[in-house]
>>> print(open('entry21.cif').read())   # mmCIF, C-alpha atoms
data_upload
#
loop_
_atom_site.group_PDB
_atom_site.id
_atom_site.type_symbol
_atom_site.label_atom_id
_atom_site.label_comp_id
_atom_site.auth_asym_id
_atom_site.auth_seq_id
_atom_site.Cartn_x
_atom_site.Cartn_y
_atom_site.Cartn_z
ATOM 1 C CA MET A 1 54.843 114.642 83.457
ATOM 2 C CA THR A 2 57.680 114.403 85.965
ATOM 3 C CA ALA A 3 58.441 117.800 87.465
ATOM 4 C CA PRO A 4 61.900 119.229 86.741
ATOM 5 C CA LEU A 5 64.278 119.690 89.637
ATOM 6 C CA VAL A 6 64.754 123.378 88.799
ATOM 7 C CA SER A 7 62.523 126.050 87.313
ATOM 8 C CA VAL A 8 64.286 129.140 85.929
ATOM 9 C CA VAL A 9 61.950 132.116 86.369
ATOM 10 C CA ILE A 10 62.543 135.350 84.419
ATOM 11 C CA PRO A 11 60.386 138.503 84.790
ATOM 12 C CA THR A 12 60.361 140.333 81.446
ATOM 13 C CA PHE A 13 59.333 143.602 79.853
ATOM 14 C CA ASN A 14 60.618 144.662 76.428
ATOM 15 C CA GLY A 15 63.776 142.614 76.910
ATOM 16 C CA GLY A 16 65.296 143.112 73.463
ATOM 17 C CA GLU A 17 68.537 141.494 72.346
ATOM 18 C CA ARG A 18 69.907 141.203 75.861
ATOM 19 C CA LEU A 19 67.020 138.923 76.850
ATOM 20 C CA LEU A 20 67.730 136.720 73.839
ATOM 21 C CA GLU A 21 71.342 136.371 75.008
ATOM 22 C CA ALA A 22 70.172 135.408 78.485
ATOM 23 C CA LEU A 23 67.660 132.862 77.148
ATOM 24 C CA LYS A 24 70.288 131.240 74.921
ATOM 25 C CA SER A 25 72.732 130.959 77.828
ATOM 26 C CA VAL A 26 70.048 129.411 80.049
ATOM 27 C CA ALA A 27 69.005 126.981 77.329
ATOM 28 C CA ASP A 28 72.643 125.883 76.861
ATOM 29 C CA GLN A 29 73.216 124.947 80.502
ATOM 30 C CA GLU A 30 74.922 121.627 81.199
ATOM 31 C CA THR A 31 73.185 119.861 84.089
ATOM 32 C CA ASP A 32 72.586 116.386 85.490
ATOM 33 C CA PHE A 33 68.953 117.330 86.190
ATOM 34 C CA GLU A 34 65.906 118.479 84.256
ATOM 35 C CA TYR A 35 64.990 122.157 84.287
ATOM 36 C CA GLU A 36 62.330 124.363 82.750
ATOM 37 C CA ILE A 37 62.243 128.053 81.796
ATOM 38 C CA VAL A 38 59.253 130.141 82.899
ATOM 39 C CA ALA A 39 58.837 133.796 81.915
ATOM 40 C CA ILE A 40 56.397 136.258 83.447
ATOM 41 C CA ASP A 41 55.827 139.246 81.176
ATOM 42 C CA SER A 42 54.418 142.636 82.140
ATOM 43 C CA GLY A 43 53.018 143.925 78.855
ATOM 44 C CA SER A 44 55.929 143.789 76.413
ATOM 45 C CA THR A 45 55.320 145.485 73.051
ATOM 46 C CA ASP A 46 58.685 144.960 71.317
ATOM 47 C CA GLY A 47 58.509 141.358 70.132
ATOM 48 C CA THR A 48 59.540 139.890 73.477
ATOM 49 C CA LEU A 49 56.416 137.722 73.758
ATOM 50 C CA PRO A 50 56.886 135.788 70.488
ATOM 51 C CA ALA A 51 60.529 135.228 71.424
ATOM 52 C CA LEU A 52 59.521 133.910 74.832
ATOM 53 C CA ARG A 53 56.912 131.546 73.429
ATOM 54 C CA SER A 54 59.489 129.910 71.179
ATOM 55 C CA ARG A 55 62.269 129.741 73.791
ATOM 56 C CA THR A 56 60.578 128.957 77.123
ATOM 57 C CA ASN A 57 58.360 126.239 78.556
ATOM 58 C CA LEU A 58 55.728 128.639 79.881
ATOM 59 C CA VAL A 59 54.875 132.318 79.565
ATOM 60 C CA VAL A 60 52.695 133.984 82.198
ATOM 61 C CA GLU A 61 51.295 137.407 81.327
ATOM 62 C CA VAL A 62 50.367 140.040 83.919
ATOM 63 C CA ASP A 63 48.986 143.556 83.710
ATOM 64 C CA PRO A 64 51.921 145.987 83.831
ATOM 65 C CA LYS A 65 49.972 148.123 86.302
ATOM 66 C CA SER A 66 50.006 145.236 88.758
ATOM 67 C CA PHE A 67 53.751 144.621 88.589
ATOM 68 C CA ASP A 68 55.390 144.272 91.986
ATOM 69 C CA HIS A 69 58.889 142.913 92.590
ATOM 70 C CA GLY A 70 57.688 140.475 95.223
ATOM 71 C CA LEU A 71 54.178 139.528 94.088
ATOM 72 C CA THR A 72 55.055 139.140 90.406
ATOM 73 C CA ARG A 73 57.838 136.713 91.257
ATOM 74 C CA ASN A 74 55.440 134.829 93.516
ATOM 75 C CA ALA A 75 52.991 134.451 90.630
ATOM 76 C CA ALA A 76 55.697 133.020 88.379
ATOM 77 C CA ILE A 77 56.909 130.616 91.058
ATOM 78 C CA ARG A 78 53.351 129.362 91.607
ATOM 79 C CA ALA A 79 53.084 128.654 87.881
ATOM 80 C CA SER A 80 56.396 126.758 87.811
ATOM 81 C CA ARG A 81 56.982 123.150 88.854
ATOM 82 C CA GLY A 82 60.545 122.813 90.112
ATOM 83 C CA GLU A 83 61.575 121.810 93.615
ATOM 84 C CA LEU A 84 64.142 124.606 93.321
ATOM 85 C CA VAL A 85 63.423 127.936 91.601
ATOM 86 C CA ALA A 86 66.208 129.977 90.022
ATOM 87 C CA LEU A 87 65.363 133.659 89.640
ATOM 88 C CA LEU A 88 67.031 135.680 86.896
ATOM 89 C CA VAL A 89 66.446 139.200 85.577
ATOM 90 C CA GLN A 90 66.050 139.591 81.844
ATOM 91 C CA ASP A 91 69.387 141.325 81.223
ATOM 92 C CA ALA A 92 71.587 139.085 83.399
ATOM 93 C CA VAL A 93 73.483 136.686 81.140
ATOM 94 C CA PRO A 94 74.977 133.533 82.701
ATOM 95 C CA GLN A 95 78.666 133.368 81.813
ATOM 96 C CA ASN A 96 79.282 129.640 81.673
ATOM 97 C CA PRO A 97 77.298 126.452 80.961
ATOM 98 C CA ARG A 98 77.505 125.281 84.572
ATOM 99 C CA TRP A 99 76.006 128.431 86.118
ATOM 100 C CA LEU A 100 72.750 126.675 87.023
ATOM 101 C CA THR A 101 74.465 123.546 88.333
ATOM 102 C CA MET A 102 76.760 125.573 90.589
ATOM 103 C CA LEU A 103 73.936 127.823 91.785
ATOM 104 C CA ALA A 104 71.796 124.830 92.764
ATOM 105 C CA GLU A 105 74.617 122.850 94.410
ATOM 106 C CA PRO A 106 74.382 124.319 97.968
ATOM 107 C CA LEU A 107 70.645 123.587 98.142
ATOM 108 C CA ARG A 108 71.102 120.050 96.818
ATOM 109 C CA ARG A 109 73.885 119.429 99.333
ATOM 110 C CA ASP A 110 72.284 120.875 102.474
ATOM 111 C CA SER A 111 68.539 120.858 103.172
ATOM 112 C CA ARG A 112 68.969 123.699 105.674
ATOM 113 C CA ILE A 113 69.882 126.137 102.879
ATOM 114 C CA ALA A 114 66.872 128.215 101.813
ATOM 115 C CA GLY A 115 68.512 130.075 98.944
ATOM 116 C CA ALA A 116 71.701 131.011 97.154
ATOM 117 C CA PHE A 117 72.854 133.852 94.928
ATOM 118 C CA CYS A 118 75.759 134.281 92.563
ATOM 119 C CA ARG A 119 78.483 136.691 91.519
ATOM 120 C CA GLN A 120 77.829 139.583 89.153
ATOM 121 C CA LEU A 121 80.290 141.031 86.663
ATOM 122 C CA PRO A 122 79.673 144.382 84.966
ATOM 123 C CA ARG A 123 79.099 144.528 81.242
ATOM 124 C CA PRO A 124 82.252 145.336 79.227
ATOM 125 C CA ASP A 125 80.788 148.692 78.190
ATOM 126 C CA ALA A 126 79.856 149.699 81.761
ATOM 127 C CA SER A 127 81.160 153.062 82.918
ATOM 128 C CA PRO A 128 84.017 153.200 85.454
ATOM 129 C CA ILE A 129 81.571 154.543 88.073
ATOM 130 C CA THR A 130 79.214 151.608 87.540
ATOM 131 C CA LYS A 131 82.098 149.148 87.779
ATOM 132 C CA HIS A 132 83.344 150.766 90.985
ATOM 133 C CA TYR A 133 80.012 150.682 92.809
ATOM 134 C CA LEU A 134 79.220 147.129 91.699
ATOM 135 C CA SER A 135 82.605 146.043 93.101
ATOM 136 C CA LEU A 136 81.435 147.123 96.582
ATOM 137 C CA TRP A 137 78.387 144.829 96.636
ATOM 138 C CA VAL A 138 78.509 141.387 98.266
ATOM 139 C CA ALA A 139 77.661 139.851 94.890
ATOM 140 C CA ALA A 140 81.033 140.987 93.518
ATOM 141 C CA ARG A 141 83.115 139.073 96.067
ATOM 142 C CA CYS A 142 85.245 136.064 95.139
ATOM 143 C CA ASP A 143 84.934 134.054 98.365
ATOM 144 C CA PRO A 144 81.996 131.678 98.916
ATOM 145 C CA ARG A 145 80.042 131.783 102.150
ATOM 146 C CA VAL A 146 77.087 130.231 103.940
ATOM 147 C CA ILE A 147 75.275 132.353 106.523
ATOM 148 C CA PHE A 148 73.189 131.123 109.449
ATOM 149 C CA LEU A 149 71.897 133.822 111.754
ATOM 150 C CA ASP A 150 70.048 133.624 115.054
ATOM 151 C CA ARG A 151 68.031 136.438 116.589
ATOM 152 C CA GLN A 152 70.522 137.108 119.379
ATOM 153 C CA ARG A 153 73.399 137.555 116.944
ATOM 154 C CA TYR A 154 71.234 139.675 114.667
ATOM 155 C CA ASP A 155 70.109 142.001 117.446
ATOM 156 C CA ALA A 156 73.708 142.441 118.627
ATOM 157 C CA SER A 157 74.893 143.445 115.128
ATOM 158 C CA SER A 158 75.189 146.927 113.658
ATOM 159 C CA PRO A 159 72.851 147.891 110.791
ATOM 160 C CA PHE A 160 75.704 147.465 108.297
ATOM 161 C CA GLU A 161 76.480 144.012 109.678
ATOM 162 C CA ARG A 162 72.808 143.042 109.478
ATOM 163 C CA LEU A 163 72.577 144.043 105.834
ATOM 164 C CA ASP A 164 75.809 142.246 104.969
ATOM 165 C CA ALA A 165 74.617 139.056 106.668
ATOM 166 C CA CYS A 166 71.211 139.221 104.960
ATOM 167 C CA ALA A 167 72.567 140.035 101.492
ATOM 168 C CA PHE A 168 70.662 138.278 98.725
ATOM 169 C CA ASP A 169 70.185 139.323 95.116
ATOM 170 C CA ASN A 170 67.448 138.224 92.725
ATOM 171 C CA VAL A 171 69.488 139.412 89.764
ATOM 172 C CA SER A 172 70.528 135.753 89.874
ATOM 173 C CA SER A 173 69.444 133.567 92.765
ATOM 174 C CA ILE A 174 67.795 130.270 93.640
ATOM 175 C CA VAL A 175 65.261 129.423 96.356
ATOM 176 C CA ARG A 176 63.864 126.201 97.767
ATOM 177 C CA ARG A 177 60.147 125.902 96.952
ATOM 178 C CA THR A 178 59.153 124.431 100.330
ATOM 179 C CA ILE A 179 60.786 127.375 102.117
ATOM 180 C CA TRP A 180 59.243 129.875 99.704
ATOM 181 C CA GLU A 181 55.818 128.355 100.442
ATOM 182 C CA GLU A 182 56.372 129.201 104.116
ATOM 183 C CA HIS A 183 58.010 132.545 103.342
ATOM 184 C CA PRO A 184 56.835 133.973 99.994
ATOM 185 C CA PHE A 185 58.270 137.251 98.756
ATOM 186 C CA ARG A 186 56.608 140.274 100.312
ATOM 187 C CA GLU A 187 54.665 142.885 98.379
ATOM 188 C CA THR A 188 57.225 145.623 97.831
ATOM 189 C CA PRO A 189 58.340 148.039 95.106
ATOM 190 C CA ILE A 190 61.997 147.160 95.728
ATOM 191 C CA GLY A 191 64.260 144.995 97.875
ATOM 192 C CA GLU A 192 62.137 141.843 97.945
ATOM 193 C CA ASP A 193 65.312 139.755 97.951
ATOM 194 C CA VAL A 194 66.993 141.102 101.107
ATOM 195 C CA ILE A 195 63.637 141.247 102.910
ATOM 196 C CA TRP A 196 63.153 137.546 102.126
ATOM 197 C CA ALA A 197 66.691 136.648 103.181
ATOM 198 C CA ARG A 198 66.266 138.398 106.538
ATOM 199 C CA GLU A 199 63.013 136.542 107.147
ATOM 200 C CA VAL A 200 64.320 133.061 106.331
ATOM 201 C CA LEU A 201 67.599 133.590 108.198
ATOM 202 C CA LEU A 202 65.743 134.611 111.348
ATOM 203 C CA ALA A 203 63.577 131.505 110.862
ATOM 204 C CA GLY A 204 66.714 129.367 111.196
ATOM 205 C CA ARG A 205 67.504 128.728 107.532
ATOM 206 C CA GLY A 206 70.747 129.396 105.671
ATOM 207 C CA ILE A 207 71.748 131.567 102.703
ATOM 208 C CA ALA A 208 74.692 130.681 100.443
ATOM 209 C CA TYR A 209 76.783 132.851 98.140
ATOM 210 C CA VAL A 210 78.268 131.040 95.123
ATOM 211 C CA PRO A 211 80.925 133.160 93.375
ATOM 212 C CA ASP A 212 81.821 130.446 90.848
ATOM 213 C CA ALA A 213 78.351 130.882 89.340
ATOM 214 C CA VAL A 214 78.598 134.154 87.409
ATOM 215 C CA VAL A 215 76.263 136.415 85.456
ATOM 216 C CA GLU A 216 77.074 139.572 83.520
ATOM 217 C CA HIS A 217 74.792 142.383 84.613
ATOM 218 C CA SER A 218 75.034 146.146 85.121
ATOM 219 C CA HIS A 219 73.208 149.377 84.311
ATOM 220 C CA ASP A 220 74.267 152.925 83.477
ATOM 221 C CA ARG A 221 71.069 154.717 84.416
ATOM 222 C CA SER A 222 70.265 158.419 84.628
ATOM 223 C CA SER A 223 70.835 160.353 87.837
ATOM 224 C CA TRP A 224 67.066 160.989 88.112
ATOM 225 C CA TYR A 225 66.339 157.256 87.964
ATOM 226 C CA GLU A 226 69.061 156.539 90.523
ATOM 227 C CA LEU A 227 67.685 159.185 92.887
ATOM 228 C CA LYS A 228 64.244 157.541 92.803
ATOM 229 C CA ARG A 229 65.614 154.011 93.150
ATOM 230 C CA THR A 230 68.015 154.911 95.963
ATOM 231 C CA TRP A 231 65.291 156.775 97.874
ATOM 232 C CA MET A 232 62.981 153.748 97.748
ATOM 233 C CA LEU A 233 65.757 151.301 98.572
ATOM 234 C CA HIS A 234 66.913 153.207 101.636
ATOM 235 C CA GLU A 235 63.364 153.431 102.942
ATOM 236 C CA GLN A 236 63.435 149.642 102.950
ATOM 237 C CA LEU A 237 66.939 149.368 104.405
ATOM 238 C CA PHE A 238 66.013 151.580 107.329
ATOM 239 C CA SER A 239 62.727 149.754 107.907
ATOM 240 C CA GLN A 240 64.339 146.311 107.756
ATOM 241 C CA PHE A 241 67.799 146.849 109.247
ATOM 242 C CA GLY A 242 67.785 150.261 110.913
ATOM 243 C CA LEU A 243 70.402 151.371 108.370
ATOM 244 C CA ARG A 244 70.867 155.098 107.965
ATOM 245 C CA THR A 245 73.978 155.767 105.928
ATOM 246 C CA ILE A 246 73.580 159.565 105.792
ATOM 247 C CA PRO A 247 71.736 160.669 108.954
ATOM 248 C CA THR A 248 72.134 164.478 108.855
ATOM 249 C CA LEU A 249 72.426 167.365 106.412
ATOM 250 C CA GLY A 250 76.051 167.736 107.459
ATOM 251 C CA HIS A 251 76.726 164.130 106.506
ATOM 252 C CA LEU A 252 74.874 164.719 103.237
ATOM 253 C CA PHE A 253 77.082 167.702 102.383
ATOM 254 C CA THR A 254 80.223 165.688 103.113
ATOM 255 C CA ALA A 255 78.943 162.718 101.106
ATOM 256 C CA VAL A 256 78.251 164.863 98.039
ATOM 257 C CA LEU A 257 81.742 166.380 98.158
ATOM 258 C CA SER A 258 83.435 163.003 98.548
ATOM 259 C CA SER A 259 81.261 161.561 95.762
ATOM 260 C CA LEU A 260 82.229 164.385 93.414
ATOM 261 C CA ALA A 261 85.901 163.648 94.057
ATOM 262 C CA LEU A 262 85.417 159.884 93.650
ATOM 263 C CA HIS A 263 83.457 160.282 90.428
ATOM 264 C CA ARG A 264 86.140 162.559 89.026
ATOM 265 C CA ARG A 265 88.737 159.870 89.704
ATOM 266 C CA CYS A 266 86.512 157.271 88.049
ATOM 267 C CA GLU A 267 86.008 159.574 85.075
ATOM 268 C CA ASN A 268 89.776 159.755 84.599
ATOM 269 C CA LEU A 269 89.804 155.957 84.203
ATOM 270 C CA ALA A 270 87.529 156.122 81.170
ATOM 271 C CA PRO A 271 89.140 155.930 77.732
ATOM 272 C CA ALA A 272 89.492 159.261 75.986
ATOM 273 C CA ASN A 273 86.719 158.417 73.517
ATOM 274 C CA GLY A 274 84.406 157.675 76.443
ATOM 275 C CA ARG A 275 84.765 161.107 78.009
ATOM 276 C CA SER A 276 81.998 163.456 76.958
ATOM 277 C CA VAL A 277 80.018 166.369 78.313
ATOM 278 C CA ARG A 278 77.059 164.034 78.754
ATOM 279 C CA ALA A 279 79.133 161.554 80.767
ATOM 280 C CA TYR A 280 80.572 164.364 82.879
ATOM 281 C CA LEU A 281 77.110 165.760 83.677
ATOM 282 C CA ARG A 282 75.858 162.266 84.585
ATOM 283 C CA ASN A 283 78.797 161.765 86.932
ATOM 284 C CA VAL A 284 78.069 165.062 88.658
ATOM 285 C CA GLY A 285 74.367 164.269 88.839
ATOM 286 C CA LEU A 286 75.033 160.882 90.435
ATOM 287 C CA ALA A 287 77.271 162.512 93.044
ATOM 288 C CA PHE A 288 74.161 164.367 94.237
ATOM 289 C CA ALA A 289 71.522 161.718 93.458
ATOM 290 C CA TRP A 290 72.948 158.775 95.389
ATOM 291 C CA PRO A 291 73.665 160.626 98.669
ATOM 292 C CA ALA A 292 70.373 162.529 98.440
ATOM 293 C CA GLY A 293 68.436 159.312 97.874
ATOM 294 C CA GLN A 294 70.095 157.682 100.878
ATOM 295 C CA TYR A 295 69.389 160.661 103.118
ATOM 296 C CA LEU A 296 65.789 161.267 102.011
ATOM 297 C CA GLY A 297 64.794 157.608 101.887
ATOM 298 C CA ALA A 298 65.987 156.802 105.399
ATOM 299 C CA MET A 299 64.561 160.060 106.754
ATOM 300 C CA SER A 300 61.188 159.246 105.180
ATOM 301 C CA ALA A 301 61.131 155.828 106.865
ATOM 302 C CA ALA A 302 62.461 157.138 110.187
ATOM 303 C CA THR A 303 59.849 159.880 110.450
ATOM 304 C CA GLY A 304 56.944 157.743 109.245
ATOM 305 C CA ARG A 305 56.111 160.035 106.358
ATOM 306 C CA THR A 306 54.171 158.818 103.342
ATOM 307 C CA ARG A 307 56.497 156.805 101.189
ATOM 308 C CA TRP A 308 57.315 158.041 97.699
ATOM 309 C CA ARG A 309 56.387 155.550 94.995
ATOM 310 C CA PRO A 310 57.668 157.013 91.695
ATOM 311 C CA ARG A 311 56.708 155.322 88.444
ATOM 312 C CA GLY A 312 59.202 153.578 86.223
ATOM 313 C CA VAL A 313 61.474 152.071 88.883
#
>>> encode(input="entry21.cif", output="structure tokens")
Amino acid sequence: MTAPLVSVVIPTFNGGERLLEALKSVADQETDFEYEIVAIDSGSTDGTLPALRSRTNLVVEVDPKSFDHGLTRNAAIRASRGELVALLVQDAVPQNPRWLTMLAEPLRRDSRIAGAFCRQLPRPDASPITKHYLSLWVAARCDPRVIFLDRQRYDASSPFERLDACAFDNVSSIVRRTIWEEHPFRETPIGEDVIWAREVLLAGRGIAYVPDAVVEHSHDRSSWYELKRTWMLHEQLFSQFGLRTIPTLGHLFTAVLSSLALHRRCENLAPANGRSVRAYLRNVGLAFAWPAGQYLGAMSAATGRTRWRPRGV
């Protein structure tokens, strides 16, 4: 069989109705090339597997205990056949039938481009706080860009500038197989995408951002989950980019106070029927969780202490 130009790879675990929406949108894509859909499942028990078998070209199953953001994606890519590999999370729903065409276009146009990622819109029912923080991420911007980055420029940049230049997001992205073979995703509990982007950029390749390709994706998670995730993420951001957003206890105190004020303003944007004691307590919890995670994660990496690897993130 002739290999498709693009393989769409989706890691799954108990995806539910949202996964079915994503699969339908992927299946309905309008392209001038052949593509396949490959799922890699980590022990679903909710009916996800039968749905995948009837809606994808290939399902790879892995032990949930072995799941790793980098290595699991590598396993799925190895099992796929496309020259280009689009990576999508199970609850990111492409918003138009040319999402895949637009995402692939930079790589088809320019052989120097190693990967591209697309714009993310929050779900309609996302909280005002979630919408605000998503709007700050590179993947919310409206202007396209292509980044090439040499070592001299990288070394002369601030940590914030390094992260901005190396932004990449596997919520919805695409990579060139030949480049991935040289630079597979690293074993890591989080942040495999920006680690990969930094590596390929410093190897002389380019990364594109395609805002016309859009997926709908957001989460309203608990403050405890966000503390764990932010801690782990900022360990990686310090290790990779030297980024330390909250370096001292004084900065942490200030960040919590400013977050409380910001979250109160966001809360006032919610409709009256969306304001509840539970929402208020979550907003307060996040005002502590996000700054604390940034402070503790970077401090852990900076001091060389044993890294925290909480379950369920």
>>> atom_distance(input="entry21.cif", atom1="CA of Pro271 (chain A)", atom2="CA of Pro124 (chain A)")
12.7 Å
>>> closest_residue(input="entry21.cif", among="A:Ala270, A:Val171, A:Ala116, A:Leu249", to="Gly206 (chain A)", atoms="all atoms listed in the file")
A:Ala116
>>> residues_around(input="entry21.cif", residues="Arg311 (chain A)", least_positions_apart="2", cutoff="12 Å", atoms="only C-alpha atoms", output="PyMOL selection string")
chain A and resi 64-65+67-68+189+224-225+228-229+232+308-309+313
>>> closest_residue(input="entry21.cif", among="A:Ala208, A:Val256, A:Ala298, A:Leu100", to="Gln29 (chain A)", atoms="all atoms listed in the file")
A:Leu100
>>> atom_distance(input="entry21.cif", atom1="CA of Leu49 (chain A)", atom2="CA of Leu20 (chain A)")
11.4 Å
>>> residues_around(input="entry21.cif", residues="Trp231 (chain A)", least_positions_apart="5", cutoff="6 Å", atoms="all atoms listed in the file", output="list in words")
Gly293, Gln294 and Gly297 of chain A
>>> closest_residue(input="entry21.cif", among="A:Arg73, A:Arg244, A:Arg123, A:Arg177", to="Arg18 (chain A)", atoms="all atoms listed in the file")
A:Arg123
>>> resolve_selection(input="entry21.cif", expression="the PyMOL selection byres ((chain A and resi 127) around 10)", output="list in words")
Pro122, Arg123, Pro124, Asp125, Ala126, Pro128, Ile129, Thr130, Lys131, His132, Ser218, His219, Asp220, Cys266, Glu267, Leu269, Ala270, Pro271, Gly274, Ala279 and Asn283 of chain A
>>> atom_distance(input="entry21.cif", atom1="CA of Phe148 (chain A)", atom2="CA of Gly115 (chain A)")
11.5 Å
>>> residues_around(input="entry21.cif", residues="region 110-112 of chain A", least_positions_apart="6", cutoff="9 Å", atoms="all atoms listed in the file", output="number ranges by chain")
A: 176, 204-207
>>> write_last_selection(input="entry21.cif", atoms="C-alpha atoms", output="PDB file, in the frame of the given file")
ATOM      1  CA  ARG A 176      63.864 126.201  97.767  1.00  0.00           C
ATOM      2  CA  GLY A 204      66.714 129.367 111.196  1.00  0.00           C
ATOM      3  CA  ARG A 205      67.504 128.728 107.532  1.00  0.00           C
ATOM      4  CA  GLY A 206      70.747 129.396 105.671  1.00  0.00           C
ATOM      5  CA  ILE A 207      71.748 131.567 102.703  1.00  0.00           C
TER       6      ILE A 207
END
>>> closest_residue(input="entry21.cif", among="A:His263, A:Arg109, A:Arg153, A:Arg55", to="Tyr133 (chain A)", atoms="all atoms listed in the file")
A:His263
>>> resolve_selection(input="entry21.cif", expression="the PyMOL selection byres ((chain A and resi 139-145) around 7)", output="PyMOL selection string")
chain A and resi 118-121+134-138+146-147+208-211
>>> closest_residue(input="entry21.cif", among="A:Ala156, A:Leu19, A:Val277, A:Ala104", to="Asp91 (chain A)", atoms="all atoms listed in the file")
A:Leu19
>>> closest_residue(input="entry21.cif", among="A:Leu260, A:Ala255, A:Ile113, A:Leu163", to="Leu281 (chain A)", atoms="all atoms listed in the file")
A:Leu260
>>> residues_around(input="entry21.cif", residues="Arg81 (chain A)", least_positions_apart="4", cutoff="12 Å", atoms="only C-alpha atoms", output="compact mmCIF listing (two decimals) with C-alpha atoms, keeping the file's coordinate frame")
# COMPACT_ATOMS: atom_id res chain seq x y z
CA MET A 1 54.84 114.64 83.46
CA THR A 2 57.68 114.40 85.96
CA ALA A 3 58.44 117.80 87.46
CA PRO A 4 61.90 119.23 86.74
CA LEU A 5 64.28 119.69 89.64
CA VAL A 6 64.75 123.38 88.80
CA SER A 7 62.52 126.05 87.31
CA VAL A 8 64.29 129.14 85.93
CA VAL A 9 61.95 132.12 86.37
CA GLU A 34 65.91 118.48 84.26
CA TYR A 35 64.99 122.16 84.29
CA GLU A 36 62.33 124.36 82.75
CA ILE A 37 62.24 128.05 81.80
CA VAL A 38 59.25 130.14 82.90
CA ASN A 57 58.36 126.24 78.56
CA LEU A 58 55.73 128.64 79.88
CA ALA A 76 55.70 133.02 88.38
CA ILE A 77 56.91 130.62 91.06
CA VAL A 85 63.42 127.94 91.60
CA ALA A 86 66.21 129.98 90.02
CA ARG A 176 63.86 126.20 97.77
CA ARG A 177 60.15 125.90 96.95
CA THR A 178 59.15 124.43 100.33
>>> residues_around(input="entry21.cif", residues="Ile10 (chain A)", least_positions_apart="2", cutoff="7 Å", atoms="only C-alpha atoms", output="list in words")
Val8, Thr12, Val38, Ala39, Ile40, Leu87, Leu88, Val89 and Gln90 of chain A
>>> residues_near_point(input="entry21.cif", point="(59.7, 142.7, 80.0)", cutoff="6 Å", atoms="only C-alpha atoms", output="list of chain:residue names")
A:Thr12, A:Phe13, A:Asn14, A:Gly15, A:Asp41, A:Ser42, A:Ser44
>>> resolve_selection(input="entry21.cif", expression="the PyMOL selection byres ((chain A and resi 193-201) around 8)", output="list in words")
Ala114, Ile147, Phe148, Leu149, Asp150, Leu163, Cys166, Ala167, Phe168, Asp169, Asn170, Ile179, His183, Pro184, Phe185, Arg186, Gly191, Glu192, Leu202, Ala203, Gly204, Arg205, Gly206, Ile207 and Gln240 of chain A
>>> decode(input="entry21.cif", residues="region 166-198 of chain A", atoms="C-alpha atoms", output="PDB file, in the first residue's frame")
ATOM      1  CA  CYS A 166      10.887  27.660  21.233  1.00  0.00           C
ATOM      2  CA  ALA A 167       7.115  27.560  21.771  1.00  0.00           C
ATOM      3  CA  PHE A 168       5.519  24.413  20.385  1.00  0.00           C
ATOM      4  CA  ASP A 169       2.351  22.655  21.487  1.00  0.00           C
ATOM      5  CA  ASN A 170       1.385  19.030  20.900  1.00  0.00           C
ATOM      6  CA  VAL A 171      -2.235  19.815  21.683  1.00  0.00           C
ATOM      7  CA  SER A 172      -2.270  20.185  17.895  1.00  0.00           C
ATOM      8  CA  SER A 173       0.976  20.060  15.956  1.00  0.00           C
ATOM      9  CA  ILE A 174       2.709  18.406  13.021  1.00  0.00           C
ATOM     10  CA  VAL A 175       6.282  17.133  12.663  1.00  0.00           C
ATOM     11  CA  ARG A 176       8.393  15.940   9.757  1.00  0.00           C
ATOM     12  CA  ARG A 177       9.197  12.229  10.143  1.00  0.00           C
ATOM     13  CA  THR A 178      12.792  12.506   8.890  1.00  0.00           C
ATOM     14  CA  ILE A 179      13.513  15.198  11.491  1.00  0.00           C
ATOM     15  CA  TRP A 180      11.752  13.226  14.224  1.00  0.00           C
ATOM     16  CA  GLU A 181      13.946  10.221  13.361  1.00  0.00           C
ATOM     17  CA  GLU A 182      16.992  12.388  14.104  1.00  0.00           C
ATOM     18  CA  HIS A 183      15.351  14.083  17.088  1.00  0.00           C
ATOM     19  CA  PRO A 184      12.675  11.872  18.695  1.00  0.00           C
ATOM     20  CA  PHE A 185      10.701  13.181  21.650  1.00  0.00           C
ATOM     21  CA  ARG A 186      12.555  12.844  24.932  1.00  0.00           C
ATOM     22  CA  GLU A 187      11.385  10.733  27.849  1.00  0.00           C
ATOM     23  CA  THR A 188       9.621  13.246  30.068  1.00  0.00           C
ATOM     24  CA  PRO A 189       6.495  13.505  32.229  1.00  0.00           C
ATOM     25  CA  ILE A 190       5.634  16.888  30.695  1.00  0.00           C
ATOM     26  CA  GLY A 191       6.831  19.448  28.159  1.00  0.00           C
ATOM     27  CA  GLU A 192       8.016  17.058  25.451  1.00  0.00           C
ATOM     28  CA  ASP A 193       6.888  19.553  22.816  1.00  0.00           C
ATOM     29  CA  VAL A 194       8.961  22.594  23.843  1.00  0.00           C
ATOM     30  CA  ILE A 195      11.961  20.371  24.607  1.00  0.00           C
ATOM     31  CA  TRP A 196      11.743  18.999  21.056  1.00  0.00           C
ATOM     32  CA  ALA A 197      11.324  22.452  19.527  1.00  0.00           C
ATOM     33  CA  ARG A 198      14.410  23.762  21.337  1.00  0.00           C
TER      34      ARG A 198
END
